[in-house]
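Raw contents of work-v9.cif, mmCIF, C-alpha atoms, pLDDT in the B column; chains and numbers go by the auth columns:
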```cif
data_target
#
loop_
_atom_site.group_PDB
_atom_site.id
_atom_site.type_symbol
_atom_site.label_atom_id
_atom_site.label_comp_id
_atom_site.label_asym_id
_atom_site.label_seq_id
_atom_site.Cartn_x
_atom_site.Cartn_y
_atom_site.Cartn_z
_atom_site.B_iso_or_equiv
_atom_site.auth_seq_id
_atom_site.auth_asym_id
ATOM 1 C CA MET A 1 196.043 114.476 188.993 46.00 1 T
ATOM 2 C CA ARG A 2 192.608 113.304 190.202 49.00 2 T
ATOM 3 C CA PRO A 3 189.564 114.488 188.208 49.00 3 T
ATOM 4 C CA SER A 4 186.843 116.877 189.262 47.00 4 T
ATOM 5 C CA GLY A 5 183.475 115.711 190.570 51.00 5 T
ATOM 6 C CA ALA A 6 181.806 116.712 187.307 46.00 6 T
ATOM 7 C CA THR A 7 184.236 114.592 185.309 43.00 7 T
ATOM 8 C CA ARG A 8 183.672 111.577 187.567 47.00 8 T
ATOM 9 C CA ARG A 9 179.884 111.876 187.275 45.00 9 T
ATOM 10 C CA ALA A 10 180.091 112.109 183.494 44.00 10 T
ATOM 11 C CA LEU A 11 181.929 108.784 183.326 42.00 11 T
ATOM 12 C CA GLN A 12 179.399 106.787 185.340 44.00 12 T
ATOM 13 C CA ASP A 13 176.913 104.731 183.388 41.00 13 T
ATOM 14 C CA GLU A 14 173.348 105.769 182.727 44.00 14 T
ATOM 15 C CA GLY A 15 170.789 102.977 182.820 46.00 15 T
ATOM 16 C CA SER A 16 167.757 102.169 180.721 48.00 16 T
ATOM 17 C CA ASP A 17 164.577 100.335 181.689 56.00 17 T
ATOM 18 C CA ARG A 18 164.269 98.528 178.381 65.00 18 T
ATOM 19 C CA TRP A 19 166.308 96.722 175.757 72.00 19 T
ATOM 20 C CA ASP A 20 164.661 96.380 172.369 78.00 20 T
ATOM 21 C CA ALA A 21 165.311 97.260 168.736 84.00 21 T
ATOM 22 C CA GLU A 22 164.461 100.902 169.381 88.00 22 T
ATOM 23 C CA TYR A 23 166.876 101.065 172.304 84.00 23 T
ATOM 24 C CA GLU A 24 169.647 99.455 170.235 87.00 24 T
ATOM 25 C CA ALA A 25 169.041 101.965 167.434 89.00 25 T
ATOM 26 C CA GLU A 26 169.262 104.836 169.941 89.00 26 T
ATOM 27 C CA VAL A 27 172.513 103.469 171.367 88.00 27 T
ATOM 28 C CA GLN A 28 174.027 103.085 167.893 90.00 28 T
ATOM 29 C CA SER A 29 172.915 106.560 166.835 90.00 29 T
ATOM 30 C CA SER A 30 174.207 108.251 169.973 89.00 30 T
ATOM 31 C CA ARG A 31 177.641 106.645 169.580 92.00 31 T
ATOM 32 C CA LEU A 32 178.219 106.384 165.844 96.00 32 T
ATOM 33 C CA GLU A 33 176.643 109.579 164.497 96.00 33 T
ATOM 34 C CA THR A 34 178.175 111.795 167.166 94.00 34 T
ATOM 35 C CA THR A 35 181.586 110.191 166.672 97.00 35 T
ATOM 36 C CA ARG A 36 181.450 110.590 162.885 97.00 36 T
ATOM 37 C CA THR A 37 180.508 114.259 163.300 97.00 37 T
ATOM 38 C CA LEU A 38 183.512 114.864 165.556 97.00 38 T
ATOM 39 C CA ARG A 39 185.829 112.876 163.286 98.00 39 T
ATOM 40 C CA ASP A 40 184.720 114.861 160.237 98.00 40 T
ATOM 41 C CA ALA A 41 185.249 118.133 162.108 98.00 41 T
ATOM 42 C CA ILE A 42 188.825 117.072 162.913 98.00 42 T
ATOM 43 C CA ILE A 43 189.464 116.162 159.278 97.00 43 T
ATOM 44 C CA ARG A 44 188.235 119.580 158.097 97.00 44 T
ATOM 45 C CA ALA A 45 189.929 121.615 160.823 96.00 45 T
ATOM 46 C CA ARG A 46 192.725 123.980 159.809 94.00 46 T
ATOM 47 C CA SER A 47 194.289 123.479 163.235 95.00 47 T
ATOM 48 C CA PRO A 48 193.245 119.987 164.357 96.00 48 T
ATOM 49 C CA PRO A 49 193.713 118.833 167.970 96.00 49 T
ATOM 50 C CA HIS A 50 196.912 117.082 168.967 96.00 50 T
ATOM 51 C CA ALA A 51 194.951 114.068 170.230 97.00 51 T
ATOM 52 C CA TRP A 52 191.638 112.354 169.405 98.00 52 T
ATOM 53 C CA VAL A 53 190.585 110.132 172.320 98.00 53 T
ATOM 54 C CA LEU A 54 187.575 107.800 172.198 98.00 54 T
ATOM 55 C CA LEU A 55 186.048 105.930 175.156 97.00 55 T
ATOM 56 C CA THR A 56 184.436 102.574 174.325 97.00 56 T
ATOM 57 C CA GLY A 57 184.191 99.331 176.304 96.00 57 T
ATOM 58 C CA VAL A 58 185.650 95.894 176.997 97.00 58 T
ATOM 59 C CA GLY A 59 182.438 94.412 175.623 95.00 59 T
ATOM 60 C CA TYR A 60 184.540 94.284 172.446 97.00 60 T
ATOM 61 C CA TYR A 61 186.075 91.038 173.760 97.00 61 T
ATOM 62 C CA ARG A 62 184.185 87.722 173.828 96.00 62 T
ATOM 63 C CA PRO A 63 183.111 86.605 177.344 95.00 63 T
ATOM 64 C CA SER A 64 185.202 83.721 178.647 94.00 64 T
ATOM 65 C CA LEU A 65 186.015 82.050 181.969 93.00 65 T
ATOM 66 C CA SER A 66 189.577 81.274 180.883 93.00 66 T
ATOM 67 C CA GLN A 67 190.745 83.450 177.957 96.00 67 T
ATOM 68 C CA GLU A 68 192.824 86.498 178.917 97.00 68 T
ATOM 69 C CA TYR A 69 192.644 89.568 176.669 98.00 69 T
ATOM 70 C CA ASN A 70 195.086 92.418 176.168 98.00 70 T
ATOM 71 C CA GLU A 71 194.838 95.327 173.762 98.00 71 T
ATOM 72 C CA GLU A 72 196.078 93.229 170.839 97.00 72 T
ATOM 73 C CA SER A 73 193.411 90.529 171.253 98.00 73 T
ATOM 74 C CA ALA A 74 190.735 89.988 168.615 96.00 74 T
ATOM 75 C CA GLY A 75 187.060 90.818 169.168 96.00 75 T
ATOM 76 C CA GLY A 76 184.150 92.834 167.848 94.00 76 T
ATOM 77 C CA ASP A 77 182.381 90.016 166.067 92.00 77 T
ATOM 78 C CA PHE A 78 179.919 88.096 168.241 87.00 78 T
ATOM 79 C CA GLU A 79 176.923 90.089 169.603 90.00 79 T
ATOM 80 C CA PHE A 80 175.356 93.542 169.700 91.00 80 T
ATOM 81 C CA MET A 81 177.667 95.249 172.198 91.00 81 T
ATOM 82 C CA SER A 82 180.781 93.723 170.662 95.00 82 T
ATOM 83 C CA ARG A 83 179.808 94.796 167.157 95.00 83 T
ATOM 84 C CA LEU A 84 178.814 98.234 168.475 96.00 84 T
ATOM 85 C CA VAL A 85 182.308 98.782 169.888 97.00 85 T
ATOM 86 C CA ARG A 86 183.864 97.614 166.603 97.00 86 T
ATOM 87 C CA ASP A 87 181.716 99.985 164.546 97.00 87 T
ATOM 88 C CA TRP A 88 182.160 102.818 167.049 97.00 88 T
ATOM 89 C CA GLU A 89 185.933 102.584 166.894 98.00 89 T
ATOM 90 C CA GLY A 90 185.740 102.340 163.114 97.00 90 T
ATOM 91 C CA ALA A 91 183.621 105.506 162.976 97.00 91 T
ATOM 92 C CA ALA A 92 186.335 107.371 164.897 98.00 92 T
ATOM 93 C CA ARG A 93 189.247 106.253 162.734 97.00 93 T
ATOM 94 C CA LEU A 94 190.989 109.117 160.963 97.00 94 T
ATOM 95 C CA PRO A 95 192.359 108.871 157.422 96.00 95 T
ATOM 96 C CA GLU A 96 196.102 108.318 157.182 94.00 96 T
ATOM 97 C CA GLU A 97 196.920 111.909 156.206 94.00 97 T
ATOM 98 C CA THR A 98 195.076 113.393 159.209 94.00 98 T
ATOM 99 C CA GLY A 99 196.433 110.693 161.485 92.00 99 T
ATOM 100 C CA ARG A 100 199.988 111.870 160.889 93.00 100 T
ATOM 101 C CA SER A 101 199.320 115.028 162.916 95.00 101 T
ATOM 102 C CA VAL A 102 196.630 113.800 165.349 97.00 102 T
ATOM 103 C CA ARG A 103 197.348 111.059 167.875 97.00 103 T
ATOM 104 C CA GLN A 104 194.492 108.562 167.988 98.00 104 T
ATOM 105 C CA VAL A 105 193.754 106.738 171.269 98.00 105 T
ATOM 106 C CA VAL A 106 190.892 104.392 172.134 98.00 106 T
ATOM 107 C CA VAL A 107 190.243 103.556 175.805 98.00 107 T
ATOM 108 C CA ARG A 108 188.163 100.389 176.302 98.00 108 T
ATOM 109 C CA SER A 109 186.579 100.744 179.721 97.00 109 T
ATOM 110 C CA GLY A 110 185.518 98.067 182.155 95.00 110 T
ATOM 111 C CA VAL A 111 182.724 98.460 184.723 93.00 111 T
ATOM 112 C CA VAL A 112 183.130 101.966 186.165 94.00 112 T
ATOM 113 C CA LEU A 113 182.867 102.172 189.962 95.00 113 T
ATOM 114 C CA GLY A 114 181.895 105.573 191.354 94.00 114 T
ATOM 115 C CA LYS A 115 179.954 107.096 194.240 89.00 115 T
ATOM 116 C CA ASN A 116 177.258 108.878 192.287 82.00 116 T
ATOM 117 C CA GLY A 117 176.035 106.347 189.755 77.00 117 T
ATOM 118 C CA GLY A 118 176.975 103.414 187.594 76.00 118 T
ATOM 119 C CA ALA A 119 177.111 99.781 188.657 79.00 119 T
ATOM 120 C CA LEU A 120 177.976 100.374 192.303 86.00 120 T
ATOM 121 C CA LYS A 121 174.927 102.541 192.997 82.00 121 T
ATOM 122 C CA TRP A 122 172.397 99.748 192.402 78.00 122 T
ATOM 123 C CA MET A 123 174.614 97.154 194.117 82.00 123 T
ATOM 124 C CA LEU A 124 174.792 98.972 197.454 87.00 124 T
ATOM 125 C CA TRP A 125 171.211 98.923 198.698 83.00 125 T
ATOM 126 C CA PRO A 126 170.745 95.115 198.837 85.00 126 T
ATOM 127 C CA PHE A 127 174.082 94.771 200.642 86.00 127 T
ATOM 128 C CA ARG A 128 173.119 97.398 203.201 84.00 128 T
ATOM 129 C CA LEU A 129 169.907 95.447 203.808 85.00 129 T
ATOM 130 C CA GLY A 130 171.915 92.248 204.292 84.00 130 T
ATOM 131 C CA LEU A 131 170.607 90.819 200.999 85.00 131 T
ATOM 132 C CA GLY A 132 173.766 90.931 198.904 89.00 132 T
ATOM 133 C CA GLY A 133 175.297 88.040 197.010 91.00 133 T
ATOM 134 C CA SER A 134 177.084 86.975 193.858 92.00 134 T
ATOM 135 C CA LEU A 135 175.354 86.969 190.478 90.00 135 T
ATOM 136 C CA GLY A 136 174.813 83.584 188.884 92.00 136 T
ATOM 137 C CA SER A 137 177.749 81.267 189.507 93.00 137 T
ATOM 138 C CA GLY A 138 179.998 84.127 190.626 95.00 138 T
ATOM 139 C CA ARG A 139 182.817 82.634 188.567 96.00 139 T
ATOM 140 C CA GLN A 140 182.496 85.139 185.723 96.00 140 T
ATOM 141 C CA PRO A 141 185.274 87.744 185.397 97.00 141 T
ATOM 142 C CA PHE A 142 184.424 91.251 186.579 95.00 142 T
ATOM 143 C CA PRO A 143 186.634 93.798 184.751 96.00 143 T
ATOM 144 C CA TRP A 144 186.327 96.918 186.921 96.00 144 T
ATOM 145 C CA ILE A 145 187.932 100.349 187.235 97.00 145 T
ATOM 146 C CA HIS A 146 187.635 103.193 189.744 97.00 146 T
ATOM 147 C CA VAL A 147 186.173 106.290 188.098 96.00 147 T
ATOM 148 C CA ASP A 148 189.233 108.324 189.131 97.00 148 T
ATOM 149 C CA ASP A 149 191.494 105.933 187.242 98.00 149 T
ATOM 150 C CA LEU A 150 189.326 105.989 184.137 98.00 150 T
ATOM 151 C CA SER A 151 189.465 109.779 184.229 97.00 151 T
ATOM 152 C CA GLY A 152 193.204 109.560 184.812 98.00 152 T
ATOM 153 C CA ILE A 153 193.733 107.262 181.825 98.00 153 T
ATOM 154 C CA LEU A 154 191.771 109.640 179.606 98.00 154 T
ATOM 155 C CA LEU A 155 193.907 112.576 180.768 98.00 155 T
ATOM 156 C CA HIS A 156 197.032 110.466 180.264 98.00 156 T
ATOM 157 C CA ALA A 157 195.879 109.683 176.718 98.00 157 T
ATOM 158 C CA MET A 158 195.225 113.347 175.944 96.00 158 T
ATOM 159 C CA GLU A 159 198.413 114.719 177.470 95.00 159 T
ATOM 160 C CA GLY A 160 200.960 111.971 176.796 92.00 160 T
ATOM 161 C CA SER A 161 202.731 112.812 173.558 91.00 161 T
ATOM 162 C CA THR A 162 203.760 109.194 172.929 95.00 162 T
ATOM 163 C CA VAL A 163 200.461 107.519 173.869 97.00 163 T
ATOM 164 C CA HIS A 164 198.521 106.076 170.926 96.00 164 T
ATOM 165 C CA GLY A 165 196.366 103.124 169.886 97.00 165 T
ATOM 166 C CA ILE A 166 194.239 100.940 172.174 98.00 166 T
ATOM 167 C CA LEU A 167 194.379 101.174 175.979 98.00 167 T
ATOM 168 C CA ASN A 168 192.324 98.867 178.197 98.00 168 T
ATOM 169 C CA GLY A 169 190.656 100.988 180.880 98.00 169 T
ATOM 170 C CA VAL A 170 190.517 98.346 183.596 98.00 170 T
ATOM 171 C CA ALA A 171 192.294 97.857 186.910 98.00 171 T
ATOM 172 C CA PRO A 172 195.361 95.582 186.842 98.00 172 T
ATOM 173 C CA CYS A 173 193.941 93.516 189.721 96.00 173 T
ATOM 174 C CA LEU A 174 191.680 90.885 188.116 94.00 174 T
ATOM 175 C CA SER A 175 188.540 89.795 189.960 96.00 175 T
ATOM 176 C CA THR A 176 185.631 87.399 189.615 97.00 176 T
ATOM 177 C CA ASN A 177 182.109 88.499 190.448 95.00 177 T
ATOM 178 C CA ALA A 178 182.224 86.428 193.651 96.00 178 T
ATOM 179 C CA GLU A 179 185.511 88.059 194.697 97.00 179 T
ATOM 180 C CA PHE A 180 184.090 91.501 193.990 95.00 180 T
ATOM 181 C CA VAL A 181 180.958 90.738 195.999 95.00 181 T
ATOM 182 C CA GLY A 182 182.952 89.357 198.936 95.00 182 T
ATOM 183 C CA THR A 183 185.223 92.418 199.008 96.00 183 T
ATOM 184 C CA LEU A 184 182.262 94.806 198.835 95.00 184 T
ATOM 185 C CA ALA A 185 180.532 92.958 201.693 94.00 185 T
ATOM 186 C CA ARG A 186 183.643 93.228 203.886 94.00 186 T
ATOM 187 C CA CYS A 187 183.998 96.950 203.132 94.00 187 T
ATOM 188 C CA LEU A 188 180.376 97.494 204.182 93.00 188 T
ATOM 189 C CA GLY A 189 180.553 95.141 207.147 93.00 189 T
ATOM 190 C CA ARG A 190 177.560 93.240 205.805 92.00 190 T
ATOM 191 C CA PRO A 191 176.979 89.599 204.797 90.00 191 T
ATOM 192 C CA ALA A 192 176.905 88.336 201.216 89.00 192 T
ATOM 193 C CA LEU A 193 174.920 85.142 201.618 87.00 193 T
ATOM 194 C CA LEU A 194 172.186 85.382 198.993 88.00 194 T
ATOM 195 C CA PRO A 195 173.409 84.654 195.452 89.00 195 T
ATOM 196 C CA VAL A 196 171.067 85.746 192.666 87.00 196 T
ATOM 197 C CA PRO A 197 170.351 82.883 190.235 90.00 197 T
ATOM 198 C CA GLY A 198 170.948 83.619 186.570 90.00 198 T
ATOM 199 C CA GLY A 199 167.345 82.786 185.690 90.00 199 T
ATOM 200 C CA VAL A 200 166.060 85.417 188.103 86.00 200 T
ATOM 201 C CA LEU A 201 168.266 88.084 186.537 80.00 201 T
ATOM 202 C CA GLN A 202 167.117 87.120 183.055 84.00 202 T
ATOM 203 C CA ALA A 203 163.481 87.362 184.122 85.00 203 T
ATOM 204 C CA LEU A 204 163.999 90.762 185.774 77.00 204 T
ATOM 205 C CA LEU A 205 166.338 92.396 183.256 74.00 205 T
ATOM 206 C CA GLY A 206 165.880 90.485 180.013 79.00 206 T
ATOM 207 C CA PRO A 207 168.474 88.201 178.417 80.00 207 T
ATOM 208 C CA GLN A 208 170.652 90.908 176.851 77.00 208 T
ATOM 209 C CA ARG A 209 171.127 93.013 179.967 74.00 209 T
ATOM 210 C CA ALA A 210 171.398 89.960 182.231 80.00 210 T
ATOM 211 C CA SER A 211 174.167 88.520 180.052 84.00 211 T
ATOM 212 C CA MET A 212 176.249 91.638 180.760 78.00 212 T
ATOM 213 C CA LEU A 213 176.158 90.698 184.462 82.00 213 T
ATOM 214 C CA LEU A 214 176.371 86.917 184.157 90.00 214 T
ATOM 215 C CA GLU A 215 179.265 86.892 181.687 92.00 215 T
ATOM 216 C CA GLY A 216 182.579 88.707 181.661 94.00 216 T
ATOM 217 C CA GLN A 217 186.091 88.942 180.253 95.00 217 T
ATOM 218 C CA TRP A 218 189.559 88.620 181.771 97.00 218 T
ATOM 219 C CA VAL A 219 190.961 91.919 180.497 98.00 219 T
ATOM 220 C CA VAL A 220 194.449 93.151 181.366 98.00 220 T
ATOM 221 C CA PRO A 221 195.705 96.737 180.841 98.00 221 T
ATOM 222 C CA GLN A 222 199.023 95.706 179.312 98.00 222 T
ATOM 223 C CA ARG A 223 199.539 98.696 176.994 98.00 223 T
ATOM 224 C CA THR A 224 198.034 101.064 179.572 98.00 224 T
ATOM 225 C CA LEU A 225 200.764 100.090 182.042 98.00 225 T
ATOM 226 C CA GLU A 226 203.466 100.063 179.367 98.00 226 T
ATOM 227 C CA SER A 227 202.452 103.606 178.366 97.00 227 T
ATOM 228 C CA GLY A 228 203.394 104.819 181.846 97.00 228 T
ATOM 229 C CA TYR A 229 200.014 105.281 183.505 98.00 229 T
ATOM 230 C CA ARG A 230 200.158 104.817 187.312 98.00 230 T
ATOM 231 C CA TYR A 231 196.931 103.706 188.952 98.00 231 T
ATOM 232 C CA HIS A 232 195.431 105.476 191.971 98.00 232 T
ATOM 233 C CA PHE A 233 193.414 102.356 192.835 98.00 233 T
ATOM 234 C CA PRO A 234 194.984 99.183 191.394 98.00 234 T
ATOM 235 C CA GLN A 235 193.561 96.981 194.171 98.00 235 T
ATOM 236 C CA LEU A 236 189.849 96.255 194.581 97.00 236 T
ATOM 237 C CA ALA A 237 189.674 96.596 198.377 97.00 237 T
ATOM 238 C CA ALA A 238 191.231 100.075 198.361 98.00 238 T
ATOM 239 C CA ALA A 239 188.959 101.191 195.516 97.00 239 T
ATOM 240 C CA LEU A 240 185.793 100.055 197.265 96.00 240 T
ATOM 241 C CA LYS A 241 186.844 101.502 200.629 96.00 241 T
ATOM 242 C CA ASP A 242 187.325 104.856 198.935 96.00 242 T
ATOM 243 C CA LEU A 243 183.885 104.698 197.335 96.00 243 T
ATOM 244 C CA VAL A 244 181.725 103.390 200.199 92.00 244 T
ATOM 245 C CA SER A 245 183.367 105.274 203.070 80.00 245 T
#
```
Output the structure of this file as structure tokens.
Amino acid sequence: MRPSGATRRALQDEGSDRWDAEYEAEVQSSRLETTRTLRDAIIRARSPPHAWVLLTGVGYYRPSLSQEYNEESAGGDFEFMSRLVRDWEGAARLPEETGRSVRQVVVRSGVVLGKNGGALKWMLWPFRLGLGGSLGSGRQPFPWIHVDDLSGILLHAMEGSTVHGILNGVAPCLSTNAEFVGTLARCLGRPALLPVPGGVLQALLGPQRASMLLEGQWVVPQRTLESGYRYHFPQLAAALKDLVS
């Protein structure tokens, strides 16, 4: 089943023009306090839900050009976003007694690609002007997922009676930033000849936000596949053709 337009739009990232202590506090509050409120409601409920599904991110894993991560890999201990995911997932964790009757699933999402927002929206205009290119060296991993597959994994987590634990919400086809950029350029029929130096990104976006684009993780959806989920868009070219057509 493919999700509705409203569901797809809800899963695409919202941006922010700043990154400072106030912004970090807002991000923490919006994730942790809301999650604790929902967790506590489940604990108190006379008829709790069959499943409790949380959507976090692959920022949990440490950026690396060589290390491959699956759902069992360690993380959550090296910078703001990583620690946020760790604390967020901890805030959602149910006590053992409640957990016996409520399946707990955490989906760690990669970069969500959709038509109406998220990362792809701001990438398209420079490519259509013939100004597209890789970010920094282009060698950094780019863990991506089509918004329909992220929605599908969430539905799979909610409806699958045997699904539990961590699922990586990324496509099984791994890609570097340069490979992503080259595939996007071919789908648009435009060149990708102007790489953006890392220093320029840091000056424009600030070091924290720039690092999210200049670094990445090789993340594989091992348990997602083992749980029986079948991807609509496992390959990058097909995903981008669907989104930019």
task: Tell me which residues the PyMOL selection byres ((chain T and resi 160-176) around 9) grabs here, as JSON, numbers by chain.
output: {"T": [50, 51, 55, 57, 58, 70, 71, 72, 103, 104, 105, 106, 107, 108, 109, 110, 111, 112, 138, 139, 140, 141, 142, 143, 144, 145, 146, 149, 150, 153, 154, 155, 156, 157, 158, 159, 177, 178, 179, 180, 181, 216, 218, 219, 220, 221, 222, 223, 224, 225, 227, 228, 231, 233, 234, 235, 236]}
Hey, which bits of range 35-115 of chain T sit within 12 Å of range 185-209 of chain T, and for each residue what's the closest pair of atoms and how far apart in Å (one decimal), counting all atoms listed in the file, rows by chain and increasing number, as a tab-separated table?
```
residue	atom	partner	partner_atom	distance
T:Glu79	CA	T:Gln208	CA	9.6
T:Phe80	CA	T:Gln208	CA	9.0
T:Met81	CA	T:Gln208	CA	9.5
```
Selected residues, C-alpha atoms, written as an mmCIF file, in the frame of the given file, please.
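Listing of out_25.cif after writing:
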```cif
data_model
loop_
_atom_site.group_PDB
_atom_site.id
_atom_site.type_symbol
_atom_site.label_atom_id
_atom_site.label_comp_id
_atom_site.auth_asym_id
_atom_site.auth_seq_id
_atom_site.Cartn_x
_atom_site.Cartn_y
_atom_site.Cartn_z
ATOM 1 C CA GLU T 79 176.923 90.089 169.603
ATOM 2 C CA PHE T 80 175.356 93.542 169.700
ATOM 3 C CA MET T 81 177.667 95.249 172.198
#
```
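Near Trp122 in chain T, within 12 Å and counting only C-alpha atoms, sit Asp13, Glu14, Gly15, Leu113, Gly114, Lys115, Asn116, Gly117, Gly118, Ala119, Trp125, Pro126, Phe127, Arg128 and Gly132 of chain T, not including residues fewer than 3 positions from it in the same chain.
Every protein, DNA or RNA residue with an atom at most 9 Å from Ala74 in chain T, where all atoms listed in the file count and chain neighbours fewer than 3 positions away do not, is listed here: Tyr60, Tyr61, Arg62, Tyr69, Glu71 and Asp77 of chain T.
With all atoms listed in the file as the atoms that count, the minimum distance from Pro95 in chain T to the choices T:Val147, T:Asp40, T:Tyr23, T:Pro63 is reached by T:Asp40.
A straight line drawn from CA of Trp52 in chain T to CA of Ser151 in chain T is 15.2 Å long.
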Mind completing range 64-71 of chain T with all heavy atoms? Output as a PDB file, keeping the file's coordinate frame, please?
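Result saved to out_39.pdb:
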```pdb
ATOM      1  N   SER T  64     184.531  84.999 178.471  1.00 94.00           N
ATOM      2  CA  SER T  64     185.202  83.721 178.647  1.00 94.00           C
ATOM      3  C   SER T  64     185.606  83.561 180.105  1.00 94.00           C
ATOM      4  O   SER T  64     185.978  84.546 180.757  1.00 94.00           O
ATOM      5  CB  SER T  64     186.447  83.635 177.756  1.00 94.00           C
ATOM      6  OG  SER T  64     187.206  82.485 178.047  1.00 94.00           O
ATOM      7  N   LEU T  65     185.562  82.336 180.610  1.00 93.00           N
ATOM      8  CA  LEU T  65     186.015  82.050 181.969  1.00 93.00           C
ATOM      9  C   LEU T  65     187.518  81.810 182.026  1.00 93.00           C
ATOM     10  O   LEU T  65     188.096  81.764 183.118  1.00 93.00           O
ATOM     11  CB  LEU T  65     185.284  80.828 182.532  1.00 93.00           C
ATOM     12  CG  LEU T  65     183.779  80.974 182.769  1.00 93.00           C
ATOM     13  CD1 LEU T  65     183.199  79.661 183.276  1.00 93.00           C
ATOM     14  CD2 LEU T  65     183.487  82.098 183.747  1.00 93.00           C
ATOM     15  N   SER T  66     188.161  81.646 180.875  1.00 93.00           N
ATOM     16  CA  SER T  66     189.577  81.274 180.883  1.00 93.00           C
ATOM     17  C   SER T  66     190.460  82.149 179.993  1.00 93.00           C
ATOM     18  O   SER T  66     191.634  82.367 180.308  1.00 93.00           O
ATOM     19  CB  SER T  66     189.730  79.812 180.445  1.00 93.00           C
ATOM     20  OG  SER T  66     189.162  79.610 179.157  1.00 93.00           O
ATOM     21  N   GLN T  67     189.933  82.684 178.900  1.00 96.00           N
ATOM     22  CA  GLN T  67     190.745  83.450 177.957  1.00 96.00           C
ATOM     23  C   GLN T  67     191.100  84.814 178.535  1.00 96.00           C
ATOM     24  O   GLN T  67     190.239  85.528 179.050  1.00 96.00           O
ATOM     25  CB  GLN T  67     189.990  83.642 176.644  1.00 96.00           C
ATOM     26  CG  GLN T  67     190.732  84.453 175.599  1.00 96.00           C
ATOM     27  CD  GLN T  67     191.942  83.720 175.039  1.00 96.00           C
ATOM     28  OE1 GLN T  67     191.867  82.526 174.782  1.00 96.00           O
ATOM     29  NE2 GLN T  67     193.040  84.424 174.876  1.00 96.00           N
ATOM     30  N   GLU T  68     192.378  85.182 178.457  1.00 97.00           N
ATOM     31  CA  GLU T  68     192.824  86.498 178.917  1.00 97.00           C
ATOM     32  C   GLU T  68     193.052  87.398 177.707  1.00 97.00           C
ATOM     33  O   GLU T  68     193.649  86.978 176.719  1.00 97.00           O
ATOM     34  CB  GLU T  68     194.117  86.364 179.724  1.00 97.00           C
ATOM     35  CG  GLU T  68     194.570  87.659 180.369  1.00 97.00           C
ATOM     36  CD  GLU T  68     195.768  87.460 181.274  1.00 97.00           C
ATOM     37  OE1 GLU T  68     195.580  86.984 182.418  1.00 97.00           O
ATOM     38  OE2 GLU T  68     196.900  87.748 180.829  1.00 97.00           O
ATOM     39  N   TYR T  69     192.566  88.644 177.792  1.00 98.00           N
ATOM     40  CA  TYR T  69     192.644  89.568 176.669  1.00 98.00           C
ATOM     41  C   TYR T  69     193.525  90.770 177.012  1.00 98.00           C
ATOM     42  O   TYR T  69     193.374  91.381 178.075  1.00 98.00           O
ATOM     43  CB  TYR T  69     191.254  90.084 176.308  1.00 98.00           C
ATOM     44  CG  TYR T  69     190.270  89.013 175.877  1.00 98.00           C
ATOM     45  CD1 TYR T  69     189.272  88.587 176.741  1.00 98.00           C
ATOM     46  CD2 TYR T  69     190.340  88.450 174.603  1.00 98.00           C
ATOM     47  CE1 TYR T  69     188.360  87.611 176.353  1.00 98.00           C
ATOM     48  CE2 TYR T  69     189.435  87.478 174.205  1.00 98.00           C
ATOM     49  CZ  TYR T  69     188.449  87.067 175.087  1.00 98.00           C
ATOM     50  OH  TYR T  69     187.554  86.106 174.699  1.00 98.00           O
ATOM     51  N   ASN T  70     194.409  91.124 176.084  1.00 98.00           N
ATOM     52  CA  ASN T  70     195.086  92.418 176.168  1.00 98.00           C
ATOM     53  C   ASN T  70     194.649  93.261 174.970  1.00 98.00           C
ATOM     54  O   ASN T  70     193.750  92.879 174.224  1.00 98.00           O
ATOM     55  CB  ASN T  70     196.607  92.252 176.231  1.00 98.00           C
ATOM     56  CG  ASN T  70     197.178  91.577 174.988  1.00 98.00           C
ATOM     57  OD1 ASN T  70     196.640  91.683 173.883  1.00 98.00           O
ATOM     58  ND2 ASN T  70     198.289  90.859 175.148  1.00 98.00           N
ATOM     59  N   GLU T  71     195.289  94.390 174.793  1.00 98.00           N
ATOM     60  CA  GLU T  71     194.838  95.327 173.762  1.00 98.00           C
ATOM     61  C   GLU T  71     195.025  94.808 172.336  1.00 98.00           C
ATOM     62  O   GLU T  71     194.414  95.334 171.400  1.00 98.00           O
ATOM     63  CB  GLU T  71     195.578  96.659 173.924  1.00 98.00           C
ATOM     64  CG  GLU T  71     195.182  97.457 175.152  1.00 98.00           C
ATOM     65  CD  GLU T  71     195.968  97.141 176.406  1.00 98.00           C
ATOM     66  OE1 GLU T  71     196.669  96.093 176.404  1.00 98.00           O
ATOM     67  OE2 GLU T  71     195.903  97.895 177.380  1.00 98.00           O
TER      68      GLU T  71
END
```
